[in-house]
Amino acid sequence: MILEILTPEKKIYDGKVHGVQMPGISGSFEVLDKHAPLVSALKAGKIKVLKDKSLTVDSIFEVQGGFVEVLHNRVTVLVEGAKQV
């Protein structure tokens, strides 16, 4: 699936991934390849990018609150601010 992480200033990540772990407002959750459509609010925390089926963490981003949309095997994360850890 394709993951995009966007802030108001710039795109900080755009690439093919196996999954992503995110800090939802009701608790952390994970989206894997071919996930059902979803829209959710995010709280401040860490987004972990999973590159392959072994669920190895490739990148970690510290983010402020925002939203995520999962649609047609594409995950779009819109956050107020983010930096790679």
# chains A, B, ... in the order shown; residues from 1 in each chain; ligands from 1
$ residues_around --residues "Ser26 in chain A" --least-positions-apart "2" --cutoff "10 Å" --atoms "only C-alpha atoms" --output "PyMOL selection string"
chain A and resi 23-24+28-29+40-43
$ residues_around --residues "range 63-77 of chain A" --least-positions-apart "5" --cutoff "8 Å" --atoms "only C-alpha atoms" --output "compact mmCIF listing (two decimals) with N, CA and C atoms, in the first residue's frame"
# COMPACT_ATOMS: atom_id res chain seq x y z
N MET A 1 0.84 -1.18 0.00
CA MET A 1 0.00 0.00 0.00
C MET A 1 0.89 1.24 0.00
N ILE A 2 0.31 2.37 -0.32
CA ILE A 2 1.04 3.63 -0.38
C ILE A 2 0.71 4.44 0.88
N LEU A 3 1.75 4.99 1.51
CA LEU A 3 1.59 5.83 2.70
C LEU A 3 2.08 7.24 2.37
N GLU A 4 1.26 8.23 2.70
CA GLU A 4 1.64 9.64 2.60
C GLU A 4 1.43 10.26 3.97
N ILE A 5 2.42 10.99 4.46
CA ILE A 5 2.29 11.76 5.69
C ILE A 5 2.50 13.22 5.32
N LEU A 6 1.47 14.04 5.56
CA LEU A 6 1.48 15.44 5.14
C LEU A 6 1.29 16.38 6.32
N ASP A 33 -1.66 -3.84 4.72
CA ASP A 33 -1.99 -3.91 3.29
C ASP A 33 -3.42 -4.41 3.07
N LYS A 34 -4.15 -3.77 2.18
CA LYS A 34 -5.53 -4.12 1.80
C LYS A 34 -6.53 -3.93 2.94
N HIS A 35 -6.29 -2.95 3.81
CA HIS A 35 -7.20 -2.65 4.92
C HIS A 35 -8.51 -2.07 4.39
N ALA A 36 -9.58 -2.27 5.11
CA ALA A 36 -10.89 -1.71 4.76
C ALA A 36 -10.83 -0.18 4.85
N PRO A 37 -11.70 0.53 4.13
CA PRO A 37 -11.73 1.99 4.22
C PRO A 37 -11.95 2.46 5.66
N LEU A 38 -11.30 3.58 6.00
CA LEU A 38 -11.31 4.06 7.38
C LEU A 38 -10.99 5.55 7.40
N VAL A 39 -11.64 6.28 8.30
CA VAL A 39 -11.26 7.66 8.62
C VAL A 39 -11.21 7.73 10.14
N SER A 40 -10.12 8.30 10.68
CA SER A 40 -9.96 8.36 12.13
C SER A 40 -9.19 9.60 12.53
N ALA A 41 -9.48 10.10 13.73
CA ALA A 41 -8.71 11.21 14.31
C ALA A 41 -7.48 10.62 15.01
N LEU A 42 -6.40 11.39 14.99
CA LEU A 42 -5.16 10.98 15.64
C LEU A 42 -4.80 11.96 16.74
N LYS A 43 -4.20 11.44 17.82
CA LYS A 43 -3.68 12.30 18.87
C LYS A 43 -2.16 12.40 18.71
N ALA A 44 -1.53 13.25 19.48
CA ALA A 44 -0.08 13.37 19.44
C ALA A 44 0.54 12.04 19.84
N GLY A 45 1.61 11.64 19.16
CA GLY A 45 2.28 10.38 19.45
C GLY A 45 3.20 9.99 18.33
N LYS A 46 3.46 8.68 18.21
CA LYS A 46 4.40 8.18 17.22
C LYS A 46 3.69 7.37 16.14
N ILE A 47 4.08 7.63 14.90
CA ILE A 47 3.66 6.83 13.76
C ILE A 47 4.84 5.94 13.39
N ALA A 82 5.09 17.32 12.37
CA ALA A 82 5.74 16.01 12.48
C ALA A 82 7.23 16.17 12.29
N LYS A 83 7.97 15.26 12.93
CA LYS A 83 9.42 15.17 12.70
C LYS A 83 9.83 13.72 12.80
$ select_by_dssp --residues "range 5-74 of chain A" --states "strand (DSSP E)" --output "ChimeraX atom specification"
/A:5-6,11-16,19-24,27-32,38-42,45-50,57-63,66-71,74
$ residues_around --residues "Lys51 in chain A" --least-positions-apart "6" --cutoff "6 Å" --atoms "only C-alpha atoms" --output "ChimeraX atom specification"
/A:17-18,58
$ write_last_selection --atoms "C-alpha atoms" --output "mmCIF file, in the first residue's frame"
data_model
loop_
_atom_site.group_PDB
_atom_site.id
_atom_site.type_symbol
_atom_site.label_atom_id
_atom_site.label_comp_id
_atom_site.auth_asym_id
_atom_site.auth_seq_id
_atom_site.Cartn_x
_atom_site.Cartn_y
_atom_site.Cartn_z
ATOM 1 C CA VAL A 17 4.814 0.130 2.899
ATOM 2 C CA HIS A 18 3.352 -3.066 4.345
ATOM 3 C CA ASP A 58 11.512 1.261 9.077
#
$ closest_residue --among "A:Glu9, A:Asp14, A:Glu30, A:Asp52" --to "Gly81 in chain A" --atoms "only C-alpha atoms"
A:Glu9
$ atom_distance --atom1 "CA of Lys53 in chain A" --atom2 "CA of Lys10 in chain A"
28.6 Å
$ closest_residue --among "A:Val85, A:Val20, A:Ile25, A:Val31" --to "Thr56 in chain A" --atoms "only C-alpha atoms"
A:Val20
$ closest_residue --among "A:Leu32, A:Lys48, A:Ser54, A:Gly27" --to "Tyr13 in chain A" --atoms "only C-alpha atoms"
A:Lys48
$ closest_residue --among "A:Glu62, A:Val79, A:Gln84, A:Gly15" --to "Leu50 in chain A" --atoms "only C-alpha atoms"
A:Gly15
